[in-house]
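Text of the file start_17.cif, holding mmCIF, N, CA and C atoms:
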data_input
#
loop_
_atom_site.label_atom_id
_atom_site.label_comp_id
_atom_site.auth_asym_id
_atom_site.auth_seq_id
_atom_site.Cartn_x
_atom_site.Cartn_y
_atom_site.Cartn_z
N MET A 556 0.84 -1.18 0.00
CA MET A 556 0.00 0.00 0.00
C MET A 556 0.89 1.24 0.00
N CYS A 557 0.51 2.24 -0.78
CA CYS A 557 1.27 3.48 -0.89
C CYS A 557 1.02 4.36 0.33
N LYS A 558 2.07 4.91 0.88
CA LYS A 558 1.93 5.82 2.02
C LYS A 558 1.45 7.17 1.51
N THR A 559 0.55 7.80 2.25
CA THR A 559 0.15 9.15 1.94
C THR A 559 0.37 10.02 3.17
N TYR A 560 0.61 11.27 2.95
CA TYR A 560 0.86 12.22 4.02
C TYR A 560 -0.01 13.43 3.79
N GLY A 561 -0.39 14.08 4.84
CA GLY A 561 -1.18 15.28 4.72
C GLY A 561 -0.34 16.53 4.90
N ILE A 562 -0.38 17.40 3.90
CA ILE A 562 0.36 18.64 3.97
C ILE A 562 -0.64 19.79 3.84
N LEU A 563 -0.51 20.75 4.73
CA LEU A 563 -1.28 21.98 4.61
C LEU A 563 -0.44 22.98 3.86
N LEU A 564 -0.95 23.43 2.72
CA LEU A 564 -0.27 24.42 1.90
C LEU A 564 -1.03 25.74 2.01
N VAL A 565 -0.35 26.77 2.52
CA VAL A 565 -0.95 28.09 2.67
C VAL A 565 -0.18 29.05 1.76
N GLU A 566 -0.77 29.33 0.61
CA GLU A 566 -0.10 30.14 -0.43
C GLU A 566 -1.16 30.90 -1.21
N ASP A 567 -0.98 32.22 -1.35
CA ASP A 567 -1.98 33.01 -2.06
C ASP A 567 -1.60 33.31 -3.50
N GLU A 568 -0.36 33.12 -3.88
CA GLU A 568 0.05 33.35 -5.26
C GLU A 568 -0.36 32.13 -6.09
N GLN A 569 -1.29 32.33 -7.02
CA GLN A 569 -1.88 31.21 -7.75
C GLN A 569 -0.85 30.36 -8.49
N TYR A 570 0.13 30.99 -9.13
CA TYR A 570 1.14 30.23 -9.86
C TYR A 570 1.92 29.32 -8.91
N GLN A 571 2.39 29.88 -7.79
CA GLN A 571 3.13 29.08 -6.80
C GLN A 571 2.25 27.97 -6.25
N TYR A 572 1.02 28.31 -5.93
CA TYR A 572 0.07 27.34 -5.38
C TYR A 572 -0.11 26.17 -6.34
N ASN A 573 -0.43 26.47 -7.60
CA ASN A 573 -0.65 25.41 -8.58
C ASN A 573 0.58 24.54 -8.78
N ALA A 574 1.75 25.17 -8.85
CA ALA A 574 2.99 24.41 -9.05
C ALA A 574 3.27 23.49 -7.86
N LEU A 575 3.06 24.00 -6.65
CA LEU A 575 3.32 23.18 -5.46
C LEU A 575 2.33 22.02 -5.35
N VAL A 576 1.05 22.30 -5.56
CA VAL A 576 0.05 21.23 -5.48
C VAL A 576 0.34 20.15 -6.51
N LYS A 577 0.67 20.55 -7.73
CA LYS A 577 0.98 19.57 -8.78
C LYS A 577 2.17 18.70 -8.39
N ARG A 578 3.24 19.33 -7.92
CA ARG A 578 4.45 18.58 -7.54
C ARG A 578 4.18 17.64 -6.36
N LEU A 579 3.46 18.12 -5.36
CA LEU A 579 3.14 17.30 -4.19
C LEU A 579 2.24 16.12 -4.58
N ASN A 580 1.23 16.38 -5.39
CA ASN A 580 0.34 15.31 -5.82
C ASN A 580 1.07 14.27 -6.66
N MET A 581 2.02 14.72 -7.50
CA MET A 581 2.81 13.77 -8.30
C MET A 581 3.62 12.84 -7.40
N GLN A 582 3.97 13.31 -6.22
CA GLN A 582 4.73 12.50 -5.26
C GLN A 582 3.81 11.65 -4.38
N GLY A 583 2.51 11.71 -4.62
CA GLY A 583 1.56 10.93 -3.83
C GLY A 583 1.31 11.53 -2.45
N ILE A 584 1.51 12.83 -2.31
CA ILE A 584 1.35 13.49 -1.02
C ILE A 584 0.01 14.22 -1.02
N GLU A 585 -0.88 13.83 -0.12
CA GLU A 585 -2.18 14.49 0.00
C GLU A 585 -1.95 15.94 0.43
N THR A 586 -2.55 16.86 -0.30
CA THR A 586 -2.34 18.28 -0.04
C THR A 586 -3.67 18.99 0.13
N VAL A 587 -3.80 19.72 1.23
CA VAL A 587 -4.94 20.59 1.44
C VAL A 587 -4.41 22.00 1.28
N GLY A 588 -4.94 22.73 0.31
CA GLY A 588 -4.45 24.07 0.03
C GLY A 588 -5.45 25.14 0.36
N VAL A 589 -4.97 26.22 0.94
CA VAL A 589 -5.79 27.39 1.23
C VAL A 589 -5.00 28.64 0.86
N HIS A 590 -5.71 29.77 0.78
CA HIS A 590 -5.08 30.99 0.29
C HIS A 590 -4.99 32.12 1.31
N ASP A 591 -5.49 31.91 2.55
CA ASP A 591 -5.42 32.98 3.54
C ASP A 591 -5.35 32.42 4.95
N ALA A 592 -5.08 33.30 5.91
CA ALA A 592 -4.85 32.89 7.30
C ALA A 592 -6.09 32.28 7.94
N TRP A 593 -7.25 32.86 7.70
CA TRP A 593 -8.47 32.35 8.32
C TRP A 593 -8.79 30.94 7.81
N ALA A 594 -8.65 30.72 6.51
CA ALA A 594 -8.90 29.39 5.94
C ALA A 594 -7.90 28.37 6.49
N ALA A 595 -6.66 28.78 6.69
CA ALA A 595 -5.65 27.89 7.26
C ALA A 595 -6.02 27.51 8.69
N ALA A 596 -6.42 28.50 9.49
CA ALA A 596 -6.82 28.22 10.87
C ALA A 596 -8.02 27.27 10.90
N SER A 597 -8.97 27.47 9.99
CA SER A 597 -10.14 26.60 9.92
C SER A 597 -9.75 25.16 9.62
N GLN A 598 -8.83 24.97 8.68
CA GLN A 598 -8.36 23.62 8.35
C GLN A 598 -7.64 22.98 9.54
N MET A 599 -6.81 23.77 10.22
CA MET A 599 -6.06 23.23 11.36
C MET A 599 -6.96 22.94 12.55
N ALA A 600 -8.10 23.62 12.65
CA ALA A 600 -9.06 23.34 13.72
C ALA A 600 -9.80 22.03 13.45
N GLU A 601 -9.87 21.62 12.18
CA GLU A 601 -10.60 20.42 11.79
C GLU A 601 -9.76 19.15 11.78
N ARG A 602 -8.47 19.28 11.45
CA ARG A 602 -7.64 18.07 11.29
C ARG A 602 -6.18 18.38 11.51
N GLY A 603 -5.42 17.32 11.67
CA GLY A 603 -3.97 17.46 11.80
C GLY A 603 -3.30 17.29 10.44
N PHE A 604 -2.06 17.70 10.37
CA PHE A 604 -1.26 17.56 9.16
C PHE A 604 0.12 17.08 9.55
N ASP A 605 0.82 16.46 8.60
CA ASP A 605 2.17 15.99 8.84
C ASP A 605 3.20 17.09 8.65
N VAL A 606 2.91 18.03 7.76
CA VAL A 606 3.79 19.16 7.46
C VAL A 606 2.92 20.34 7.08
N ALA A 607 3.35 21.55 7.42
CA ALA A 607 2.68 22.76 6.97
C ALA A 607 3.67 23.59 6.15
N LEU A 608 3.23 24.03 4.98
CA LEU A 608 3.99 24.97 4.15
C LEU A 608 3.25 26.29 4.23
N ILE A 609 3.85 27.30 4.82
CA ILE A 609 3.15 28.56 5.09
C ILE A 609 3.92 29.74 4.52
N ASP A 610 3.32 30.39 3.54
CA ASP A 610 3.86 31.64 3.03
C ASP A 610 3.52 32.72 4.05
N LEU A 611 4.46 33.58 4.39
CA LEU A 611 4.22 34.59 5.41
C LEU A 611 3.36 35.75 4.91
N MET A 612 3.38 36.01 3.60
CA MET A 612 2.70 37.19 3.06
C MET A 612 1.34 36.85 2.47
N ILE A 613 0.58 36.05 3.17
CA ILE A 613 -0.78 35.73 2.74
C ILE A 613 -1.74 36.78 3.28
N PRO A 614 -2.95 36.87 2.73
CA PRO A 614 -3.93 37.80 3.30
C PRO A 614 -4.56 37.24 4.58
N TRP A 615 -5.16 38.14 5.36
CA TRP A 615 -5.83 37.72 6.59
C TRP A 615 -7.13 36.97 6.29
N GLY A 616 -7.76 37.22 5.16
CA GLY A 616 -9.04 36.59 4.85
C GLY A 616 -10.10 37.12 5.79
N ASP A 617 -10.93 36.24 6.35
CA ASP A 617 -12.01 36.64 7.25
C ASP A 617 -11.59 36.71 8.72
N THR A 618 -10.29 36.69 8.98
CA THR A 618 -9.80 36.77 10.35
C THR A 618 -10.27 38.06 11.01
N PRO A 619 -10.94 37.98 12.17
CA PRO A 619 -11.36 39.21 12.86
C PRO A 619 -10.14 40.10 13.17
N GLU A 620 -10.33 41.40 13.03
CA GLU A 620 -9.21 42.35 13.16
C GLU A 620 -8.53 42.30 14.52
N GLU A 621 -9.24 41.89 15.58
CA GLU A 621 -8.57 41.86 16.89
C GLU A 621 -7.41 40.86 16.95
N PHE A 622 -7.33 39.97 15.96
CA PHE A 622 -6.24 38.99 15.92
C PHE A 622 -5.09 39.43 15.02
N TRP A 623 -5.20 40.58 14.41
CA TRP A 623 -4.17 41.06 13.48
C TRP A 623 -3.00 41.62 14.27
N GLN A 624 -2.13 40.74 14.81
CA GLN A 624 -1.01 41.17 15.63
C GLN A 624 0.24 41.45 14.82
N HIS A 625 0.31 40.98 13.61
CA HIS A 625 1.52 41.07 12.81
C HIS A 625 1.23 41.68 11.45
N GLU A 626 2.24 42.26 10.87
CA GLU A 626 2.13 42.75 9.50
C GLU A 626 1.92 41.58 8.54
N HIS A 627 2.51 40.44 8.86
CA HIS A 627 2.45 39.26 7.99
C HIS A 627 1.64 38.16 8.67
N PRO A 628 0.44 37.84 8.16
CA PRO A 628 -0.41 36.82 8.77
C PRO A 628 0.25 35.45 8.93
N GLY A 629 1.16 35.11 8.03
CA GLY A 629 1.83 33.82 8.15
C GLY A 629 2.63 33.69 9.44
N ILE A 630 3.15 34.80 9.94
CA ILE A 630 3.87 34.77 11.22
C ILE A 630 2.89 34.39 12.34
N ALA A 631 1.69 34.97 12.31
CA ALA A 631 0.68 34.62 13.31
C ALA A 631 0.32 33.14 13.23
N LEU A 632 0.27 32.59 12.01
CA LEU A 632 -0.04 31.17 11.86
C LEU A 632 1.03 30.29 12.51
N VAL A 633 2.30 30.59 12.23
CA VAL A 633 3.38 29.78 12.81
C VAL A 633 3.36 29.87 14.33
N GLU A 634 3.21 31.08 14.86
CA GLU A 634 3.17 31.25 16.31
C GLU A 634 1.96 30.52 16.92
N GLY A 635 0.81 30.60 16.22
CA GLY A 635 -0.39 29.93 16.71
C GLY A 635 -0.27 28.42 16.71
N ILE A 636 0.36 27.88 15.68
CA ILE A 636 0.58 26.43 15.65
C ILE A 636 1.41 26.00 16.84
N ARG A 637 2.48 26.72 17.11
CA ARG A 637 3.35 26.36 18.23
C ARG A 637 2.64 26.54 19.57
N ALA A 638 1.70 27.47 19.66
CA ALA A 638 0.94 27.69 20.90
C ALA A 638 -0.22 26.70 21.04
N GLY A 639 -0.64 26.07 19.95
CA GLY A 639 -1.73 25.10 19.99
C GLY A 639 -3.11 25.72 19.84
N HIS A 640 -3.17 27.03 19.65
CA HIS A 640 -4.45 27.70 19.42
C HIS A 640 -4.21 28.93 18.55
N LEU A 641 -5.25 29.30 17.82
CA LEU A 641 -5.10 30.39 16.86
C LEU A 641 -6.44 31.04 16.63
N PHE A 642 -6.49 32.36 16.69
CA PHE A 642 -7.69 33.13 16.42
C PHE A 642 -8.87 32.63 17.26
N GLY A 643 -8.60 32.26 18.50
CA GLY A 643 -9.65 31.80 19.40
C GLY A 643 -10.06 30.36 19.21
N CYS A 644 -9.37 29.62 18.34
CA CYS A 644 -9.70 28.22 18.07
C CYS A 644 -8.62 27.30 18.61
N ARG A 645 -9.03 26.19 19.20
CA ARG A 645 -8.09 25.14 19.57
C ARG A 645 -7.77 24.37 18.29
N LEU A 646 -6.50 24.13 18.04
CA LEU A 646 -6.09 23.48 16.79
C LEU A 646 -5.95 21.98 16.97
N GLN A 647 -6.29 21.24 15.93
CA GLN A 647 -6.09 19.79 15.92
C GLN A 647 -4.68 19.43 15.47
N ILE A 648 -4.02 20.35 14.81
CA ILE A 648 -2.68 20.10 14.30
C ILE A 648 -1.71 19.96 15.48
N ASN A 649 -0.76 19.06 15.34
CA ASN A 649 0.26 18.86 16.36
C ASN A 649 1.09 20.14 16.49
N PRO A 650 1.23 20.70 17.70
CA PRO A 650 1.98 21.95 17.85
C PRO A 650 3.46 21.81 17.47
N GLU A 651 3.93 20.59 17.31
CA GLU A 651 5.33 20.38 16.93
C GLU A 651 5.48 20.01 15.45
N VAL A 652 4.39 20.15 14.68
CA VAL A 652 4.43 19.79 13.26
C VAL A 652 5.55 20.55 12.56
N PRO A 653 6.27 19.90 11.66
CA PRO A 653 7.28 20.62 10.87
C PRO A 653 6.62 21.69 10.01
N ILE A 654 7.26 22.85 9.96
CA ILE A 654 6.73 23.98 9.19
C ILE A 654 7.80 24.48 8.24
N LEU A 655 7.45 24.52 6.95
CA LEU A 655 8.31 25.10 5.93
C LEU A 655 7.78 26.48 5.62
N VAL A 656 8.67 27.46 5.57
CA VAL A 656 8.27 28.84 5.35
C VAL A 656 9.00 29.39 4.12
N PRO A 657 8.39 29.20 2.93
CA PRO A 657 8.97 29.85 1.75
C PRO A 657 8.53 31.32 1.77
N THR A 658 9.46 32.25 1.71
CA THR A 658 9.07 33.64 1.91
C THR A 658 9.95 34.64 1.18
N ALA A 659 9.34 35.78 0.88
CA ALA A 659 10.07 36.92 0.34
C ALA A 659 10.20 38.02 1.39
N VAL A 660 9.77 37.72 2.62
CA VAL A 660 9.80 38.68 3.72
C VAL A 660 11.23 38.84 4.22
N ASN A 661 11.56 40.04 4.66
CA ASN A 661 12.87 40.33 5.24
C ASN A 661 13.12 39.41 6.44
N ARG A 662 14.28 38.80 6.49
CA ARG A 662 14.61 37.85 7.56
C ARG A 662 14.42 38.43 8.96
N GLY A 663 14.67 39.71 9.12
CA GLY A 663 14.49 40.34 10.43
C GLY A 663 13.06 40.26 10.92
N ASP A 664 12.09 40.18 10.01
CA ASP A 664 10.68 40.11 10.40
C ASP A 664 10.28 38.73 10.90
N TYR A 665 11.00 37.69 10.49
CA TYR A 665 10.60 36.34 10.87
C TYR A 665 11.69 35.56 11.61
N ALA A 666 12.81 36.15 11.89
CA ALA A 666 13.94 35.42 12.47
C ALA A 666 13.56 34.70 13.76
N HIS A 667 12.68 35.29 14.56
CA HIS A 667 12.28 34.63 15.83
C HIS A 667 11.56 33.30 15.59
N LEU A 668 10.95 33.12 14.42
CA LEU A 668 10.28 31.85 14.13
C LEU A 668 11.27 30.71 14.03
N LEU A 669 12.50 31.02 13.65
CA LEU A 669 13.51 29.99 13.49
C LEU A 669 13.98 29.43 14.83
N ASP A 670 13.61 30.10 15.93
CA ASP A 670 13.91 29.59 17.26
C ASP A 670 13.02 28.40 17.63
N PHE A 671 11.87 28.28 16.95
CA PHE A 671 11.01 27.13 17.18
C PHE A 671 11.63 25.90 16.54
N ALA A 672 11.42 24.74 17.15
CA ALA A 672 11.90 23.49 16.56
C ALA A 672 11.12 23.21 15.28
N ASN A 673 11.77 22.59 14.34
CA ASN A 673 11.15 22.13 13.09
C ASN A 673 10.55 23.25 12.25
N VAL A 674 11.18 24.41 12.26
CA VAL A 674 10.77 25.49 11.35
C VAL A 674 11.95 25.75 10.43
N PHE A 675 11.69 25.69 9.14
CA PHE A 675 12.74 25.90 8.15
C PHE A 675 12.27 26.95 7.16
N ALA A 676 12.98 28.06 7.07
CA ALA A 676 12.64 29.13 6.13
C ALA A 676 13.60 29.11 4.96
N PHE A 677 13.07 29.41 3.79
CA PHE A 677 13.93 29.56 2.62
C PHE A 677 13.33 30.62 1.71
N PRO A 678 14.20 31.36 1.00
CA PRO A 678 13.74 32.51 0.23
C PRO A 678 12.99 32.12 -1.04
N LYS A 679 12.04 32.98 -1.39
CA LYS A 679 11.39 32.90 -2.70
C LYS A 679 12.19 33.78 -3.64
N PRO A 680 12.33 33.42 -4.87
CA PRO A 680 11.90 32.15 -5.45
C PRO A 680 12.79 31.01 -4.93
N PHE A 681 12.24 29.83 -4.89
CA PHE A 681 12.96 28.68 -4.37
C PHE A 681 12.97 27.56 -5.39
N SER A 682 13.87 26.64 -5.17
CA SER A 682 13.96 25.47 -6.04
C SER A 682 12.93 24.44 -5.61
N PRO A 683 12.07 23.97 -6.53
CA PRO A 683 11.12 22.91 -6.18
C PRO A 683 11.82 21.65 -5.68
N VAL A 684 13.01 21.39 -6.19
CA VAL A 684 13.77 20.22 -5.74
C VAL A 684 14.17 20.39 -4.28
N GLU A 685 14.63 21.59 -3.91
CA GLU A 685 15.00 21.85 -2.51
C GLU A 685 13.78 21.71 -1.60
N MET A 686 12.64 22.24 -2.04
CA MET A 686 11.43 22.16 -1.24
C MET A 686 11.00 20.70 -1.04
N MET A 687 11.00 19.91 -2.11
CA MET A 687 10.62 18.50 -1.98
C MET A 687 11.60 17.73 -1.10
N SER A 688 12.87 18.06 -1.20
CA SER A 688 13.87 17.41 -0.36
C SER A 688 13.60 17.68 1.11
N LYS A 689 13.27 18.93 1.45
CA LYS A 689 13.01 19.28 2.84
C LYS A 689 11.73 18.61 3.33
N ILE A 690 10.70 18.55 2.49
CA ILE A 690 9.46 17.86 2.87
C ILE A 690 9.77 16.39 3.17
N GLU A 691 10.55 15.75 2.31
CA GLU A 691 10.90 14.35 2.53
C GLU A 691 11.69 14.18 3.82
N ASP A 692 12.58 15.13 4.12
CA ASP A 692 13.34 15.08 5.38
C ASP A 692 12.38 15.13 6.57
N PHE A 693 11.39 15.99 6.49
CA PHE A 693 10.44 16.12 7.60
C PHE A 693 9.53 14.90 7.71
N LEU A 694 9.15 14.32 6.58
CA LEU A 694 8.24 13.18 6.62
C LEU A 694 8.92 11.89 7.05
N ARG A 695 10.18 11.75 6.73
CA ARG A 695 10.89 10.51 7.00
C ARG A 695 10.74 10.03 8.44
N PRO A 696 10.96 10.86 9.46
CA PRO A 696 10.86 10.34 10.83
C PRO A 696 9.43 10.06 11.27
N THR A 697 8.43 10.55 10.53
CA THR A 697 7.04 10.34 10.96
C THR A 697 6.31 9.35 10.05
N GLU A 698 7.06 8.55 9.28
CA GLU A 698 6.40 7.59 8.39
C GLU A 698 5.50 6.68 9.20
N ARG A 699 4.31 6.46 8.63
CA ARG A 699 3.32 5.61 9.29
C ARG A 699 3.33 4.22 8.67
N THR A 700 2.96 3.25 9.45
CA THR A 700 2.81 1.91 8.90
C THR A 700 1.34 1.74 8.52
N PRO A 701 1.06 0.99 7.44
CA PRO A 701 -0.33 0.77 7.04
C PRO A 701 -1.11 0.10 8.16
N GLU A 702 -2.36 0.53 8.30
CA GLU A 702 -3.21 -0.05 9.36
C GLU A 702 -3.91 -1.29 8.87
#
How does this structure look as structure tokens?
Amino acid sequence: MCKTYGILLVEDEQYQYNALVKRLNMQGIETVGVHDAWAAASQMAERGFDVALIDLMIPWGDTPEEFWQHEHPGIALVEGIRAGHLFGCRLQINPEVPILVPTAVNRGDYAHLLDFANVFAFPKPFSPVEMMSKIEDFLRPTERTPE
């Protein structure tokens, strides 16, 4: 039986989104994709994921303004995942889930995120090969056996 993994992809740039979903699906990796912070929080409140790919410069979407603590909503997502709750919702996602952060944001704006375990940032534009390699590195220790 083929192993499948769940990846949450949070990306608002349609070209990047389509390219990532296509590449992940070709590798047999189940991908749930959303385009804004509120949709990402909703997905994480419903289910867990093995890896999260979070662009920092996504829109807030329907996120209530009282939760707008950062210039970049993706930073709030990463911090919320590590805290186990986000925008007033308890998350189903494991707070220690590996997080990949492809970003064009200045490193000074997100450097504190790298202090969290299992957070890896890399600049946009990025190599799809590098991204897939890092996803495989993160998935390797959490491989599941068929039930």
>> I'd like the interatomic distance between atom CA of Val606 of chain A and atom C of Pro650 of chain A, to a tenth of an Å.
In response: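 Value for the atom CA of Val606 of chain A-atom C of Pro650 of chain A distance: 10.4 Å.
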>> Using only N, CA and C atoms, can you tell me which of A:Ala638, A:Val656, A:Leu575, A:Ile630 comes closest to Val674 of chain A?
In response: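 Looking at the shortest contact to Val674 of chain A, the residue is A:Val656.
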> What does the distance from atom CA of Ser682 of chain A to atom C of Ser597 of chain A come to in Å, to one decimal?
Replying inline: 28.4 Å
> Please, what distance in Å, to one decimal, runs between atom N of Gln624 of chain A and atom N of Val587 of chain A?
Replying inline: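 Atom-to-atom, atom N of Gln624 of chain A and atom N of Val587 of chain A are spaced 25.1 Å apart.
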> Residues at most 12 Å from Ala600 of chain A, counting only C-alpha atoms, excluding those fewer than 6 positions away in the same chain, as a PyMOL selection string?
Replying inline: chain A and resi 593-594+635-636+639-650
> Which residue out of A:Gly588, A:Gly583, A:Pro657, A:Gly616 has the minimum interatomic distance to Phe677 of chain A when all atoms listed in the file are used?
Replying inline: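 Among the listed residues, A:Pro657 lies closest to Phe677 of chain A.
Considering only N, CA and C atoms, the residue among A:Gln598, A:Thr658, A:Gln582, A:Ser688 positioned nearest to Leu611 of chain A is A:Thr658.
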>> Show me, as a VMD selection string, the residues that have an atom within 12 Å of Ala592 of chain A when counting only C-alpha atoms, minus same-chain residues fewer than 4 positions from it.
In response: chain A and resid 563 to 567 588 596 to 599 609 to 620 622 to 623 625 627 to 633 635 to 636 641 to 642
> Could you write out, as a count of residues only, all the residues of segment 591-670 of chain A that DSSP marks as strand (DSSP E or B)?
Replying inline: 13
> Hey, which of A:Glu626, A:Glu585, A:Asp605, A:Glu568 ends up closest to Asn661 of chain A? Count only C-alpha atoms.
Replying inline: A:Glu626
>> Just list as an MDAnalysis selection string whatever in segment 561-690 of chain A DSSP marks as helix (DSSP H, G or I).
In response: chainID A and resid 569:581 592:601 620:622 628:638 662:670 683:690
> With all atoms listed in the file as the basis for distance, which of A:Ile562, A:Val576, A:Leu668, A:Val660 is at the shortest distance from Glu634 of chain A?
Replying inline: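 Residue with the minimum atom-to-atom distance to Glu634 of chain A: A:Leu668.
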> Smallest atom-to-atom distance to Phe693 of chain A: which of A:Pro653, A:Leu579, A:Ala574, A:Leu669, using only N, CA and C atoms?
Replying inline: A:Pro653
